[in-house]
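As structure tokens, the structure follows; a few thoughts come after it.
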2 protein chains.
Amino acid sequence: MIITLEPKKLPEKWYNILPDLGFAVPPPLTGTGHHMGKMHLADIATSEIIEQELEDNKRDIRIPEKVRDLYSEFRPTPLYRAERWEKSLGTPARIFYKYEGGNSAGTYEANTAIPQAYYAAEQGVKSLVTATSTGEMGISLAVACNYFNLKCKVYMVRSAYEEKAYGRYIMELLGADVVPSPSHETDVGKKSLAENPESVGSLGVALSEAFEHTNMHEDAKFCWGTVMNHVLLHQTVIGQEARAQMREVKAYPDAIIGAVGGGSAFGGLAFPFYRDRKNDTRMIAVETAAVPSLSKGTYRYDYADAAGMTALYKMYTLGRKFVPPGIRAGGMRYHGISPIISAMYREDVLETRIHTQTEAFQSAVDFARAEGIIPSPESSYALKAVVDEALICKESGKPKDILFVLTGNGNLDVATFKDFLDGSVADQPFLPDEAAMRELLEGSSDAQ
Amino acid sequence: MIITLEPKKLPEKWYNILPDLGFAVPPPLTGTGHHMGKMHLADIATSEIIEQELEDNKRDIRIPEKVRDLYSEFRPTPLYRAERWEKSLGTPARIFYKYEGGNSAGTYEANTAIPQAYYAAEQGVKSLVTATSTGEMGISLAVACNYFNLKCKVYMVRSAYEEKAYGRYIMELLGADVVPSPSHETDVGKKSLAENPESVGSLGVALSEAFEHTNMHEDAKFCWGTVMNHVLLHQTVIGQEARAQMREVKAYPDAIIGAVGGGSAFGGLAFPFYRDRKNDTRMIAVETAAVPSLSKGTYRYDYADAAGMTALYKMYTLGRKFVPPGIRAGGMRYHGISPIISAMYREDVLETRIHTQTEAFQSAVDFARAEGIIPSPESSYALKAVVDEALICKESGKPKDILFVLTGNGNLDVATFKDFLDGSVADQPFLPDEAAMRELLEGSSDAQ
């Protein structure tokens, strides 16, 4: 069953959760331990984005009219009730999902790529640079750059560059310049290749290369695809719409579930519900067993990239030097996680779950056969957590309303599911020992 | 700019053009020249589908409630005005496109796959069989079969089975049984492979194999993806919605444009406008230069499949034995075309255009960069015709309203566009000589 939302109910504002949290999120610091000021970020980001990143007072941030116009080409997105899947699970639970995979890029990153491109064009920037793991942020940014006649440069994690060639082809068709990371274009990339010529890369290294590139080019700015406060802010259109749609069918979620890599889709869905302060609504962040930064990481100041070029962010981290195993969900291969999500976990306002990729992909196949939509590998982790909650309802006989975000469709990732069905996808457990963890966290700090 | 349509305005009926045409469409005949009766089709199709195929009296056919429910999960689809593309073309024309690629299969075939699966389930059929060129009908049918717990068997043209593996993987993920055609599973397939073990196949041969399979399995029925009257009927939801959406912005098309392989998307868009009988609205069917069945074929009775297992249909045909060159738009590789479209062309109520694939793909790349949507290779042909019309408006300075149907997104076909951008896609002209044409038409008949 589809639950639509009238076009005129497209949100007019993004929701900034910081003033409502009830506890502080430690601010970013410079490498020398000072509070991060606007000037420290000006080389990298546009002034509007810096304002949004550091804003901890204003709850509602107006969405520019031009951005709303472009959002309206694919938003409000549908909310579905997964009745066929419920039936196949035999659960009395009602399962709702907010589907962000219906736009042309097939993924939710458009929600942040569009405003970032808009502000860049307004400020006279000529080109935007990003790092992408699965290609999705890259595709979204390539589309957004074309809207505003900006050049687009993408550092794409090498494993994805080769395995997910279709994503790369789409970016190239759209006119973006896509480089496999580690590359020979930056010092960071060269150093990484010197250490390991066979490196498959990581989002952390791709981020460092993108920063270095941005620093070297005066008319370029960098775009974050996740992790940062302003990205989570932009993604709150997801949760605001979902909340209005749930209300249309007189429902309210007992559990809100999302997969977390950097945390932006989960945050975007959950934050507008947090604003209601309903204490009996559980928020569940789902991680891959191969990279459980939130559940098994250490809460301390660490760099957001591998080379240590960003500010220091207080977050749960496996250490910036952690090179995640080559699991298929590229969006989950990140050593840290959003500082806001980290603080919320620290304060026990959200729970975590850890699932292996084979558990996740089996849920994805079952879901696709019931609902007719192939989920992205990242969202598959959320699906497994939804199944577990639904089966608890089945056992107890108590119906609950479960809401999750399906961040993208997996049509471009279907080779991954084919490999899974063929039995050639193995689980990759997370097992660094304590000494290894200490080394990975080198340069991070528990100051604050 | 998006032009949405309220969910409650989803069409309640399909539109049957036959009573409004003002001229007769010659009926299908048996191989022995007799009029085709319901009994001749009963082995292959469900009774509701046969009724619809032969219905030439009733204008409006009610869409079953369950089918409307499933349509509503992705319909009404958006109509877009391509303002960014207009600007890049420098045309005073207003260009509107009905976008059918936003559903989970990414293509318009869902509009017919869903009712065909519905009627099959109602009649107690256990499995559905189809032939697919690009995989799109196969994906759509695989989704629809899951809705109704039907088995799905797909004969997929071998060139596409190998080149468009992602489409196949999606069908397999959804649980369909996909076989490359020509296959060793049927006599037709075996014969074809004996003649040419390297055969890349054609839709005509895949259709024959699917028929043979259906005939051999009592609980199976065949599903057409295009060509037949009932398929065009189902597709009229496209044009009905587009007409209502154009009205919302007080526009009416001066030109209606669509690519034609079997003719169902073009017919689905154009027919509801034909009902208005506005003589100054031009209808333009766009063919590939490699398989111009409508423009360069002969109007006579021919079989709809390669082996001659179907009824005889009066249509423009290149001959059932014509093996189309291996162009990239698999949906255009068909020797014939819808009998209704054929009769309309015969009566001069529609025009044709012929474009090469390199012309088409260049238009597709330009469109994608402006609009952010990658078109299917098939729809790319329509885009080139739109460009030509828009440039005539530019030259004359006279604005016109142009409407076309974008049948699907090309995300799964992006390797084709990569090859095009790399310069490795060549044009394949249509040049059989007269003697070859005579041989291809063997077994067809100009009887009426």
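The way I read the labels, and the way they are meant: chains A, B, ... in the order of the structure tokens, residue 1 as the first residue of every chain, and ligand 1 as the first ligand shown, with later ones counted on from there.
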
What are the closest atom pairs, with distances in Å to one decimal, for all residues of chain A lying within 6 Å of chain B? Consider only C-alpha atoms, order rows by chain and residue number, and present the result as a tab-separated table.
residue	atom	partner	partner_atom	distance
A:Ile2	CA	B:Glu73	CA	5.4
A:Glu73	CA	B:Ile2	CA	5.4
A:Gly102	CA	B:Gly102	CA	5.5
A:Ser104	CA	B:Ile373	CA	5.2
A:Val143	CA	B:Gly372	CA	5.3
A:Leu174	CA	B:Arg369	CA	5.2
A:Arg369	CA	B:Leu174	CA	5.2
A:Gly372	CA	B:Val143	CA	5.3
A:Ile373	CA	B:Ser104	CA	5.3

*Just asking: which residues within range 130-236 of chain B are strand (DSSP E) according to DSSP, as a list in words?*
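Strand (DSSP E) members of range 130-236 of chain B, listed: Thr130, Ala131, Thr132, Lys151, Cys152, Lys153, Val154, Tyr155, Met156, Val157, Asp177, Val178, Val179, Pro180, Ser181, Ala220, Lys221, Phe222 and Cys223 of chain B.
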
I need the chosen residues saved as a compact mmCIF listing (two decimals), in the first residue's frame, with C-alpha atoms.
# COMPACT_ATOMS: atom_id res chain seq x y z
CA THR B 130 7.20 -14.48 -21.88
CA ALA B 131 9.86 -13.50 -24.36
CA THR B 132 12.02 -10.49 -23.65
CA LYS B 151 5.89 -19.03 -11.58
CA CYS B 152 7.66 -16.95 -14.22
CA LYS B 153 9.55 -18.32 -17.22
CA VAL B 154 11.44 -15.97 -19.52
CA TYR B 155 13.01 -16.64 -22.91
CA MET B 156 15.57 -13.86 -23.25
CA VAL B 157 17.19 -12.96 -26.58
CA ASP B 177 13.61 -18.90 -14.61
CA VAL B 178 15.52 -17.17 -17.41
CA VAL B 179 16.71 -19.04 -20.50
CA PRO B 180 18.84 -17.60 -23.33
CA SER B 181 17.10 -17.88 -26.68
CA ALA B 220 1.00 -22.10 -18.33
CA LYS B 221 -0.10 -19.09 -20.35
CA PHE B 222 1.88 -16.75 -22.55
CA CYS B 223 2.24 -12.99 -21.95

_Env of Leu406 in chain B: 6 Å cut, atoms = only C-alpha atoms, seq-sep filter 3 positions within chain, self excluded. Answer as a PyMOL selection string._
chain B and resi 98-99+379

Could you write those residues out with C-alpha atoms, as a tab-separated table (two decimals), in the first residue's frame?
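Result file follows (part09.tsv):
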chain	number	residue	atom	x	y	z
B	98	LYS	CA	5.72	11.32	-19.48
B	99	TYR	CA	8.24	9.42	-17.38
B	379	SER	CA	13.51	6.05	-25.87

*DSSP says helix (DSSP H, G or I) for which residues of range 303-390 of chain B? Put them as a PyMOL selection string?*
chain B and resi 330-332+339-346+357-371+377-390

How would the residues just picked look written out with C-alpha atoms as an mmCIF file, in the first residue's frame?
data_model
loop_
_atom_site.group_PDB
_atom_site.id
_atom_site.type_symbol
_atom_site.label_atom_id
_atom_site.label_comp_id
_atom_site.auth_asym_id
_atom_site.auth_seq_id
_atom_site.Cartn_x
_atom_site.Cartn_y
_atom_site.Cartn_z
ATOM 1 C CA GLY B 330 16.833 -4.574 -28.039
ATOM 2 C CA GLY B 331 13.242 -3.388 -27.853
ATOM 3 C CA MET B 332 13.494 -2.098 -31.440
ATOM 4 C CA PRO B 339 -1.631 -4.078 -36.287
ATOM 5 C CA ILE B 340 -3.398 -0.977 -34.949
ATOM 6 C CA ILE B 341 -0.330 1.219 -35.459
ATOM 7 C CA SER B 342 0.075 -0.369 -38.899
ATOM 8 C CA ALA B 343 -3.501 0.472 -39.916
ATOM 9 C CA MET B 344 -3.108 4.042 -38.630
ATOM 10 C CA TYR B 345 0.046 4.473 -40.693
ATOM 11 C CA ARG B 346 -1.711 3.015 -43.724
ATOM 12 C CA GLN B 357 21.562 4.667 -33.077
ATOM 13 C CA THR B 358 24.445 7.133 -32.910
ATOM 14 C CA GLU B 359 22.045 10.037 -33.571
ATOM 15 C CA ALA B 360 19.734 8.666 -30.921
ATOM 16 C CA PHE B 361 22.429 8.117 -28.308
ATOM 17 C CA GLN B 362 23.884 11.612 -28.739
ATOM 18 C CA SER B 363 20.451 13.043 -27.988
ATOM 19 C CA ALA B 364 20.215 10.735 -24.973
ATOM 20 C CA VAL B 365 23.512 11.984 -23.535
ATOM 21 C CA ASP B 366 22.497 15.624 -24.025
ATOM 22 C CA PHE B 367 19.119 14.942 -22.421
ATOM 23 C CA ALA B 368 20.650 13.119 -19.443
ATOM 24 C CA ARG B 369 23.045 15.958 -18.715
ATOM 25 C CA ALA B 370 20.234 18.506 -18.824
ATOM 26 C CA GLU B 371 17.449 16.592 -17.106
ATOM 27 C CA PRO B 377 18.244 3.170 -25.481
ATOM 28 C CA GLU B 378 14.797 2.680 -27.042
ATOM 29 C CA SER B 379 13.512 6.052 -25.873
ATOM 30 C CA SER B 380 16.680 7.685 -27.181
ATOM 31 C CA TYR B 381 15.225 7.420 -30.679
ATOM 32 C CA ALA B 382 12.228 9.471 -29.614
ATOM 33 C CA LEU B 383 14.565 12.067 -28.123
ATOM 34 C CA LYS B 384 16.308 12.610 -31.451
ATOM 35 C CA ALA B 385 12.959 13.233 -33.146
ATOM 36 C CA VAL B 386 12.038 15.675 -30.370
ATOM 37 C CA VAL B 387 15.300 17.547 -30.913
ATOM 38 C CA ASP B 388 14.538 17.885 -34.623
ATOM 39 C CA GLU B 389 11.034 19.243 -33.923
ATOM 40 C CA ALA B 390 12.396 21.618 -31.281
#

_Which residue of A:Val227, A:Ala290, A:Gly262, A:Leu312 approaches His34 in chain A most closely, using only C-alpha atoms_ = A:Leu312

*Pick out the closest residue to Ala311 in chain B from this set: B:Pro26, B:Met36, B:Ser295, B:Lys8. Count only C-alpha atoms.*
B:Met36
